[in-house]
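Trainee: I'd like to ask you about the structure that follows.
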There are 4 protein chains.
Amino acid sequence: MTSTAPFDFQISDITLAEAGRHQLRLAENEMPGLMALREEYGEAQPLAGARIAGSLHMTVQTAVLIETLVALGAQVRWASCNIYSTQNEAAAAVVVGTEGTIDQPAGVPVFAWKGETLEEYWACTDRIFDWSSEAEAAGERWIGPNLILDDGGDATLLVHKGREFEAAGAVPEASDADSDEFRVVLAVLRRSLAASGDRWTRIAAELEGVTEETTTGVHRLYELARDGELLFPAINVNDSVTKSKFDNRYGIRHSLPDGLNRATDVLIGGKTAFVVGYGDVGKGAAEALRGQGARVIVSEIDPICALQAAMDGYQVAALESVVDQVDIVVTCTGNRAVVRAEHMLAMKHLAVVANVGHFDNEIDMAGLAAIDGVVKIEIKPQVHEWRLPTGRSVLVLSEGRLMNLGNATGHPSFVMSNSFANQMLAQIELHTHSENYSTDVHVLPKRLDEKVARLHLEALGVELTSLSAEQASYIGVDVEGPYKLDHYRY
Amino acid sequence: MTSTAPFDFQISDITLAEAGRHQLRLAENEMPGLMALREEYGEAQPLAGARIAGSLHMTVQTAVLIETLVALGAQVRWASCNIYSTQNEAAAAVVVGTEGTIDQPAGVPVFAWKGETLEEYWACTDRIFDWSSEAEAAGERWIGPNLILDDGGDATLLVHKGREFEAAGAVPEASDADSDEFRVVLAVLRRSLAASGDRWTRIAAELEGVTEETTTGVHRLYELARDGELLFPAINVNDSVTKSKFDNRYGIRHSLPDGLNRATDVLIGGKTAFVVGYGDVGKGAAEALRGQGARVIVSEIDPICALQAAMDGYQVAALESVVDQVDIVVTCTGNRAVVRAEHMLAMKHLAVVANVGHFDNEIDMAGLAAIDGVVKIEIKPQVHEWRLPTGRSVLVLSEGRLMNLGNATGHPSFVMSNSFANQMLAQIELHTHSENYSTDVHVLPKRLDEKVARLHLEALGVELTSLSAEQASYIGVDVEGPYKLDHYRY
Amino acid sequence: MTSTAPFDFQISDITLAEAGRHQLRLAENEMPGLMALREEYGEAQPLAGARIAGSLHMTVQTAVLIETLVALGAQVRWASCNIYSTQNEAAAAVVVGTEGTIDQPAGVPVFAWKGETLEEYWACTDRIFDWSSEAEAAGERWIGPNLILDDGGDATLLVHKGREFEAAGAVPEASDADSDEFRVVLAVLRRSLAASGDRWTRIAAELEGVTEETTTGVHRLYELARDGELLFPAINVNDSVTKSKFDNRYGIRHSLPDGLNRATDVLIGGKTAFVVGYGDVGKGAAEALRGQGARVIVSEIDPICALQAAMDGYQVAALESVVDQVDIVVTCTGNRAVVRAEHMLAMKHLAVVANVGHFDNEIDMAGLAAIDGVVKIEIKPQVHEWRLPTGRSVLVLSEGRLMNLGNATGHPSFVMSNSFANQMLAQIELHTHSENYSTDVHVLPKRLDEKVARLHLEALGVELTSLSAEQASYIGVDVEGPYKLDHYRY
Amino acid sequence: MTSTAPFDFQISDITLAEAGRHQLRLAENEMPGLMALREEYGEAQPLAGARIAGSLHMTVQTAVLIETLVALGAQVRWASCNIYSTQNEAAAAVVVGTEGTIDQPAGVPVFAWKGETLEEYWACTDRIFDWSSEAEAAGERWIGPNLILDDGGDATLLVHKGREFEAAGAVPEASDADSDEFRVVLAVLRRSLAASGDRWTRIAAELEGVTEETTTGVHRLYELARDGELLFPAINVNDSVTKSKFDNRYGIRHSLPDGLNRATDVLIGGKTAFVVGYGDVGKGAAEALRGQGARVIVSEIDPICALQAAMDGYQVAALESVVDQVDIVVTCTGNRAVVRAEHMLAMKHLAVVANVGHFDNEIDMAGLAAIDGVVKIEIKPQVHEWRLPTGRSVLVLSEGRLMNLGNATGHPSFVMSNSFANQMLAQIELHTHSENYSTDVHVLPKRLDEKVARLHLEALGVELTSLSAEQASYIGVDVEGPYKLDHYRY
């Protein structure tokens, strides 16, 4: 497979698309938020005229998102935001579409497959900004996307850097400090500049905005805004309550034990588990482990979260104080080197070390590999025994990367339905109420956050109580909400 | 006992003071935050020169607070903020002091006893602003307090109204719409104006500010600030994380089953309990009831909180849908009429109805009393059987008022240690960094919120982990904190 | 009050009886098992002709039991089985009865009041065997009881010892080794023998049997049976599943936190609690403490129970290993000296020490009192601070006796309804199917154990599923049960 | 692969054996009971002279068991007890052994592979009784096994039937009522009888006994004993506390969510789960589902278990009463047709239906397949969508068979370490204390049950407390145990 024909794979394999269709149907049942939006807005078509460049893991859940965007009137082009995260059957299903065939795909152009090279990855990201075939179909000389749906900010980065270099008239040479990946970005933009001197400038001008999924991407956006470099409005989807509180806590509660089980089959009950960090992720991890009968010890650097852990009945200790007693260590911090070689050298034989918080530096994998005499043995893919010079071993999952993705299947559909319903509403906001969104970073208004929650209640059999007019007036809110002040902590 | 001799009672009863001393000693052990502040600041005396007028329930915990204020250098005068909430032995212990005797009290002037009349109550509140004996001792012609520590805003109200009427030159007549209580306030201020035309004006001018404990008081302060009428800086202690998240959730988790047990001795296990509202109070209530083996059903008007309840494993239903199945109903909303006569008429025989959320209108007591043919029987104080015309009865606790206060003993000392440590730090801030606090409503900076948490860790055996400089830099915080953005939800 | 007029107290106090009536009415609602038996058997009167001598704590719950026995046709005389456990209002209510007045009591003769002397206690126990007034009313020369309902075996002891001494023709002198209490027993029997040489012999001959409530009493019965000295059939009520599994586990889960709260008001959440013993009582204690947010550590001597504790997520350690970390220690073993002076000397300041397992030797109170320099301070009744020479103190509840009785109100009515329904069925069995019960110790057949459970389901809203005939046949049971083999562990 | 060369597969595939070795090493770490027995008895060789015919799922855990038997001196031959349950890599590892090669296997003869035919299966079972090569090596004319280690009773059946037919002198023809499987058994025995008229008679005579793993096998043994047909002593391993209470409850708590996740990736949190049956399996299932944030409803036919469920806080209802509200249904009864077509027709769309209790008739799969118009779609292996004529579907896992085996990996090693340590001790008992075991069915003495628990404590960091001599005497037990009466319920 090459970057010139990114979705050849479907053409040769209709069964892949059919398998994807089965999975989509099941996922739709678990994504009531998206299905409710199709129902609510299907007729009104609020995304008519929207041309969305999407960059987000090309999974089954994302397939349901894409088809929901289309159901509301949008045109869409899609790439994944990670070289490994594409589920090929989901991509195939989206490309072929419900009515299409291999020869006549009726779906959405998707530029993604599992296991891309970095060059392929950035070429795919570039392709979601190339709307020439749509322009041709519409009889236009040129059109670009008018919305970005981003996860991690790569699509947004490409526009910003592209326009910057067009303004400068040249793409700089990579410096020694630049990462391999950034060199690839520069190469892509260098080819673009060679072909057109104002492509990204035109795209940037046309964009109504971007909706961003993650902490990392949001962080980049706030920096751009702070430095006055942001080119279009942005909505921070990550900080909706129905995203951050649900995704982190309930998603991890589900996928942590799932990943541990698939990786190791080790009985969790009766074991001593150590949870590094008691934010939302750590709270979900600790609850899941306790729910399986483990004794859970928590560590924290923030005294407020530490006190919460104590009030929730957990022992709170530094890892080094109890490291020789723990059977399972789970990192949940979003920081670096919270489990270090010195810890792993002191652990029980075959202690399981897993990360659900951050990059593969949260567990100091480099430090582990640098131990003199260490030997790494693959037990099975994503499960490695590291034999230590002490004579003991540790079992490291997913090479220290996020094990809920590597050893399990990531967040379940129902959790993603919450995140993606926020994405949908954010796209609709930017497209239909652009006047409300200045070139800055915004969060969704609380009434929309509440709306996302509301869309998920019926599927769970939740019966909501209604405020009477007197009650609403008594507490000073509208009967329809929003019901809380912005700083309410839930 | 009369308002002219508010603390006569100690003089006749040294054993009361001794009993209070025992309880203080035990409470000190449960209030590590306050004791740590004595340790940390005892030498520096940051409250030297502070003259604090305190209006807050005169309980054993408050006694520890008062003695902590004194230990840091403050002079203090105290009244309760509720006519029923004074624990006389605590008041006696504070007045007599550790070194005093009945004849020579060495403690703090306290103007409070259990069961004051409204006239007595406001006379007591007035007395905390009368520092003439301290002036005399200091050889000054006049001094007033320079800080208020308030709970509910009554002390703050008196100053604002007093100054308003002094400016107007007259105290208005009460109107028909005025409550009985406000008539008493007017009478107090009328007497004051007769004696001095500028007493409250001088007091207001001298005040460095107020620190306010509760939602209700904070609400009043924000209104004053909004209307440009606030006379001095205010710190909103209520919205510190270590206040609102701890007090509401963990306090209720403790005192709800305590109150149910003391009131009824009914086995909670196996029963169906209904929790109205799933905010912090409802979360604590539901956890406590489940922890005792009840099946818990929750109702909510806010779809986000409703979704949280479902994700926490609770059935979520409107009260009217399941009212005939529930054995125990607990209101946690802060709203009015969430349990109404129609509900109570439909409940099982001898269902228990209790309020931990708000005033006695959260359960519609007036509606209950208005049912034709209803009969109220006192089983014991604060526990009443209401016989309904259906032939069934309901058991209502504390006349529909907060049952954690009426049937149990309110928040435990450890919880109050968190709230009161926030009060201490807020008082120190206003007294020592007044330049940082404009005449507006402020919350405590997050570093102080974290400090409060930190002060409570050792007592619970919590071992905090330290960030390395690299880790702190990596996540962009200071090694010493604060560790989270202001909007972090915990 | 004297032993010659054991229930004078009601005669002077109708309000006591009225207060008792209120409490009975509430308790009836919580004792569905007994009420269902009244419903089921009220017409058939299976206890017609039964004359029951009852010796069991004269509480509100026992009052409901007594009135249920009467409702099924029995005649009853009652004493308490503990000098402190009588609730006078319950006793008064039973004596006066529903239709009676002070002058014309219509209820059951009760010989019990709170705070009897040992002499009074055994005189009362003697009185439940004196049916002369009933004989007179019936125009008989003499009648005795034909059933004993016993708790702890005192009534049974009196009959066995009485008959033994009658056979010997003399009551022996007390030896030096005899306890004070046994001396009182001898004195009672000496008086009896002086009055009649065959009273106990006649009583023993007439008895259809005894139903025994507790472990201790059952233990005595098995010893008598083993030694061939048992005089009449006995049913061991204690080992019914619906007694031992419910009473111990769910009763303690309820009353342990209740007692801790009433005694100390100490926040349980966040504390480290130590549970000594993980039998049914320990399981209930640990669950209750965890449910309140404590970190729970368990100790065990039995490796199977220790493994269960670990699988349930608790740290399992010897008390001496962690004694300096624990805030609350609860003994649940039924053994002696499981918390010793050496432990208490090493505890944190003001650690709470409480017993829910056994006698006051489970915590070594004698060893505590013997510490050189120890000082005992009464904080309030049943709550004592013991100041240790270390400068620290411990808080001991109920003088080391069962704190769920001393600091709380014992098992709730619903739990007792299970125990007492077993008692009821056991009495009916002995009275109506005496042919099935040899002079030995029996447990209730499993179908009756299941029946007791069945009687409690409706009150909890439990909907039972029925076996089809095919299903019953498939697993080899009767459609109506019993459903399990005798050794099934539940 | 043919039955004449049952373990050809290892010879062609050393990597299979190596993969198995890795897994064994990890499993050994999770099977501390077996490893401790190797340590304790390795030198004494209590199984010297034991010739064990083993019939039990040939998994990684069983491989550790086999190597433990060998480490204690036994000779072993092994077959699986199920045609699908062999893990080929485990079998290969055992055959090749730690020191062996493909050409020179140094391990144990294993006659098992995944996916045997019934003919192959029974031929394999027959082979574990053929010790001719061992006889040859020992220079004996003939030897047979002297112990059976059985799971489900197939090995035991073969001996009993073989001897029966030898006594009769003929193997009967299969009747119409006989199952296909029994026809295969008859064929095997017919061949045996043709070759030797007394083979099974000699084997039966030489057997010291059998140790049986499961309920089903135990049931057969009790029937044989009852009918006087049992040929040798039997130990019922299934009813050891450390088997039945651990395996059922903690094993299912682990593997139920594991199987649900691997099969469906459906979020469990927030869902309504229905658990059919609240025995040990149901208790584990309910705990696991609640621990993942599901709302759990339980059904029961036994009122005692129903009351337990209520006291544990679960709603208890018949499936038909709530069938339209449930998202996940799990059967845990050991009975037939507890979920029927009528239920599945009424369920929510894509409700998940799974069995962890019994055979594939617990969910009425035949009834489901017989619904007019039903369509079965394979989503993936062991996960089928059944489209119903209602327009809705149900998702059935593992074709209605045990989903913890079919969709997950069965009981984790640590759980099996408990079961298998009981097996080990039972084998040692029969081999070294045969005088204590008459030709009847026995359970292991409680001291051995306690020993099994004891062997698993250290791995979990459990510190056991020791009884003092005084304490042991006080409660009437030996310091070393056993600590409980036989009928104690744990």
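Residues are named by chain letter and number: chains run A, B, ... in the order of the structure tokens, numbers start at 1 in each chain, and ligands are numbered from 1 in the order shown.
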Give me the residues near stretch 265-280 of chain D as a ChimeraX atom specification, where near means some atom within 6 Å (using only C-alpha atoms) and where sequence neighbours in that chain fewer than 4 positions away do not count.

Mentor: /A:412,460 /B:310-311,313 /D:248-249,261,292-300,305,326-333

Trainee: Pull out every residue of chain D that has at least one atom within 7 Å of chain C, counting only C-alpha atoms, and report them as a PyMOL selection string.

Mentor: chain D and resi 279+299-304+307+316-318+335-336+450+453-454+457+462-467+471+474-475+483+487+489-490

Trainee: Using only C-alpha atoms, which residues sit within 7 Å of C:Asn407 once same-chain residues fewer than 2 positions away are excluded, as JSON, numbers by chain?

Mentor: {"C": [259, 262, 263, 382, 398, 403, 404, 405, 409]}

Trainee: Please return as an MDAnalysis selection string: the residues of stretch 320-484 of chain D that backbone DSSP assigns to helix (DSSP H, G or I).

Mentor: chainID D and resid 320:325 341:346 365:369 398:400 403:406 413:432 434:436 446:455 458:460 469:475

Trainee: Leaving out A:Ala50 and any residue of its chain fewer than 6 positions from it, which residues lie within 7 Å of it when counting only C-alpha atoms, given as an MDAnalysis selection string?

Mentor: chainID A and resid 74:75 146:147 431

Trainee: Considering only strand (DSSP E) as DSSP defines it on the backbone, what residues of stretch 251-309 of chain B qualify? List them as a ChimeraX atom specification.

Mentor: /B:272-276,295-299

Trainee: Got time to write the residues from that selection, C-alpha atoms, as a PDB file, in the first residue's frame?

Mentor:
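Dumped to out04.pdb:
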ATOM      1  CA  THR B 272     -34.677   0.587  49.164  1.00  0.00           C
ATOM      2  CA  ALA B 273     -33.391   4.115  49.690  1.00  0.00           C
ATOM      3  CA  PHE B 274     -34.197   7.047  47.469  1.00  0.00           C
ATOM      4  CA  VAL B 275     -31.728   9.924  47.205  1.00  0.00           C
ATOM      5  CA  VAL B 276     -33.167  13.114  45.744  1.00  0.00           C
ATOM      6  CA  ARG B 295     -30.459  -0.603  47.239  1.00  0.00           C
ATOM      7  CA  VAL B 296     -30.211   3.053  46.208  1.00  0.00           C
ATOM      8  CA  ILE B 297     -32.307   4.879  43.631  1.00  0.00           C
ATOM      9  CA  VAL B 298     -31.387   8.441  42.692  1.00  0.00           C
ATOM     10  CA  SER B 299     -33.316  11.276  41.081  1.00  0.00           C
TER      11      SER B 299
END

Trainee: Write out as an NGL selection string each polymer residue whose atoms come within 12 Å of stretch 386-390 of chain B, counting only C-alpha atoms; drop sequence neighbours fewer than 3 positions from it.

Mentor: :B and (341-353 or 365 or 368-379 or 383 or 393-397 or 399-400)

Trainee: Could you name the residues that touch D:Pro145 at 8 Å or less, counting only C-alpha atoms, but leaving out those on the same chain fewer than 6 positions away, as a PDB file with all heavy atoms, in the first residue's frame?

Mentor:
ATOM      1  N   ALA D  50       3.924 -43.662  43.124  1.00  0.00           N
ATOM      2  CA  ALA D  50       2.583 -43.347  42.607  1.00  0.00           C
ATOM      3  C   ALA D  50       2.620 -43.374  41.086  1.00  0.00           C
ATOM      4  O   ALA D  50       3.532 -42.814  40.467  1.00  0.00           O
ATOM      5  CB  ALA D  50       2.147 -41.973  43.116  1.00  0.00           C
ATOM      6  N   ARG D  51       1.622 -44.022  40.511  1.00  0.00           N
ATOM      7  CA  ARG D  51       1.454 -44.023  39.049  1.00  0.00           C
ATOM      8  C   ARG D  51       0.077 -43.443  38.767  1.00  0.00           C
ATOM      9  O   ARG D  51      -0.936 -44.103  38.967  1.00  0.00           O
ATOM     10  CB  ARG D  51       1.581 -45.451  38.506  1.00  0.00           C
ATOM     11  CG  ARG D  51       2.983 -46.049  38.712  1.00  0.00           C
ATOM     12  CD  ARG D  51       3.106 -47.427  38.087  1.00  0.00           C
ATOM     13  NE  ARG D  51       2.142 -48.367  38.630  1.00  0.00           N
ATOM     14  CZ  ARG D  51       2.298 -49.021  39.804  1.00  0.00           C
ATOM     15  NH1 ARG D  51       3.386 -48.842  40.544  1.00  0.00           N
ATOM     16  NH2 ARG D  51       1.371 -49.853  40.215  1.00  0.00           N
ATOM     17  N   ILE D  52       0.091 -42.215  38.324  1.00  0.00           N
ATOM     18  CA  ILE D  52      -1.164 -41.452  38.261  1.00  0.00           C
ATOM     19  C   ILE D  52      -1.689 -41.375  36.837  1.00  0.00           C
ATOM     20  O   ILE D  52      -0.972 -40.936  35.929  1.00  0.00           O
ATOM     21  CB  ILE D  52      -0.954 -40.025  38.815  1.00  0.00           C
ATOM     22  CG1 ILE D  52      -0.451 -40.111  40.268  1.00  0.00           C
ATOM     23  CG2 ILE D  52      -2.231 -39.207  38.707  1.00  0.00           C
ATOM     24  CD1 ILE D  52      -0.002 -38.786  40.842  1.00  0.00           C
ATOM     25  N   ALA D  53      -2.932 -41.780  36.677  1.00  0.00           N
ATOM     26  CA  ALA D  53      -3.637 -41.585  35.416  1.00  0.00           C
ATOM     27  C   ALA D  53      -4.475 -40.324  35.552  1.00  0.00           C
ATOM     28  O   ALA D  53      -5.427 -40.293  36.333  1.00  0.00           O
ATOM     29  CB  ALA D  53      -4.524 -42.785  35.119  1.00  0.00           C
ATOM     30  N   PHE D 129      -4.326 -45.382  30.907  1.00  0.00           N
ATOM     31  CA  PHE D 129      -4.333 -46.603  31.724  1.00  0.00           C
ATOM     32  C   PHE D 129      -3.352 -47.658  31.204  1.00  0.00           C
ATOM     33  O   PHE D 129      -3.247 -48.730  31.768  1.00  0.00           O
ATOM     34  CB  PHE D 129      -5.761 -47.178  31.776  1.00  0.00           C
ATOM     35  CG  PHE D 129      -6.704 -46.345  32.586  1.00  0.00           C
ATOM     36  CD1 PHE D 129      -7.589 -45.471  31.978  1.00  0.00           C
ATOM     37  CD2 PHE D 129      -6.681 -46.417  33.979  1.00  0.00           C
ATOM     38  CE1 PHE D 129      -8.454 -44.690  32.742  1.00  0.00           C
ATOM     39  CE2 PHE D 129      -7.541 -45.640  34.737  1.00  0.00           C
ATOM     40  CZ  PHE D 129      -8.423 -44.770  34.115  1.00  0.00           C
ATOM     41  N   TRP D 131       0.130 -48.651  30.936  1.00  0.00           N
ATOM     42  CA  TRP D 131       1.467 -48.383  31.479  1.00  0.00           C
ATOM     43  C   TRP D 131       2.474 -49.429  31.007  1.00  0.00           C
ATOM     44  O   TRP D 131       3.447 -49.732  31.715  1.00  0.00           O
ATOM     45  CB  TRP D 131       1.394 -48.327  33.009  1.00  0.00           C
ATOM     46  CG  TRP D 131       0.657 -47.110  33.493  1.00  0.00           C
ATOM     47  CD1 TRP D 131      -0.668 -46.870  33.337  1.00  0.00           C
ATOM     48  CD2 TRP D 131       1.212 -45.979  34.157  1.00  0.00           C
ATOM     49  NE1 TRP D 131      -0.988 -45.643  33.856  1.00  0.00           N
ATOM     50  CE2 TRP D 131       0.157 -45.077  34.391  1.00  0.00           C
ATOM     51  CE3 TRP D 131       2.512 -45.648  34.592  1.00  0.00           C
ATOM     52  CZ2 TRP D 131       0.343 -43.863  35.015  1.00  0.00           C
ATOM     53  CZ3 TRP D 131       2.693 -44.436  35.237  1.00  0.00           C
ATOM     54  CH2 TRP D 131       1.624 -43.543  35.432  1.00  0.00           C
ATOM     55  N   ILE D 203      -6.702 -53.415  36.927  1.00  0.00           N
ATOM     56  CA  ILE D 203      -6.499 -51.978  37.217  1.00  0.00           C
ATOM     57  C   ILE D 203      -7.289 -51.569  38.450  1.00  0.00           C
ATOM     58  O   ILE D 203      -6.758 -50.923  39.366  1.00  0.00           O
ATOM     59  CB  ILE D 203      -6.920 -51.131  35.992  1.00  0.00           C
ATOM     60  CG1 ILE D 203      -5.864 -51.279  34.886  1.00  0.00           C
ATOM     61  CG2 ILE D 203      -7.098 -49.663  36.382  1.00  0.00           C
ATOM     62  CD1 ILE D 203      -6.241 -50.646  33.560  1.00  0.00           C
ATOM     63  N   GLU D 206      -5.797 -52.584  41.665  1.00  0.00           N
ATOM     64  CA  GLU D 206      -4.540 -51.934  42.027  1.00  0.00           C
ATOM     65  C   GLU D 206      -4.720 -50.466  42.474  1.00  0.00           C
ATOM     66  O   GLU D 206      -3.817 -49.866  43.044  1.00  0.00           O
ATOM     67  CB  GLU D 206      -3.596 -51.986  40.809  1.00  0.00           C
ATOM     68  CG  GLU D 206      -2.151 -51.740  41.162  1.00  0.00           C
ATOM     69  CD  GLU D 206      -1.229 -52.608  40.304  1.00  0.00           C
ATOM     70  OE1 GLU D 206      -1.682 -53.679  39.822  1.00  0.00           O
ATOM     71  OE2 GLU D 206      -0.075 -52.224  40.136  1.00  0.00           O
ATOM     72  N   LEU D 207      -5.879 -49.919  42.184  1.00  0.00           N
ATOM     73  CA  LEU D 207      -6.056 -48.478  42.437  1.00  0.00           C
ATOM     74  C   LEU D 207      -6.196 -48.153  43.927  1.00  0.00           C
ATOM     75  O   LEU D 207      -7.031 -48.729  44.621  1.00  0.00           O
ATOM     76  CB  LEU D 207      -7.274 -47.944  41.680  1.00  0.00           C
ATOM     77  CG  LEU D 207      -7.033 -47.689  40.193  1.00  0.00           C
ATOM     78  CD1 LEU D 207      -8.338 -47.519  39.442  1.00  0.00           C
ATOM     79  CD2 LEU D 207      -6.140 -46.445  40.017  1.00  0.00           C
TER      80      LEU D 207
END

Trainee: Tell me, in Å to one decimal, how far atom CA of A:Phe111 is from atom CA of A:Ala123.

Mentor: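 According to the coordinates, atom CA of A:Phe111 and atom CA of A:Ala123 are separated by 8.8 Å.
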
Trainee: How far is it from atom CA of A:Lys446 to atom CA of A:Leu221, in Å with one decimal?

Mentor: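 A separation of 20.6 Å between them.
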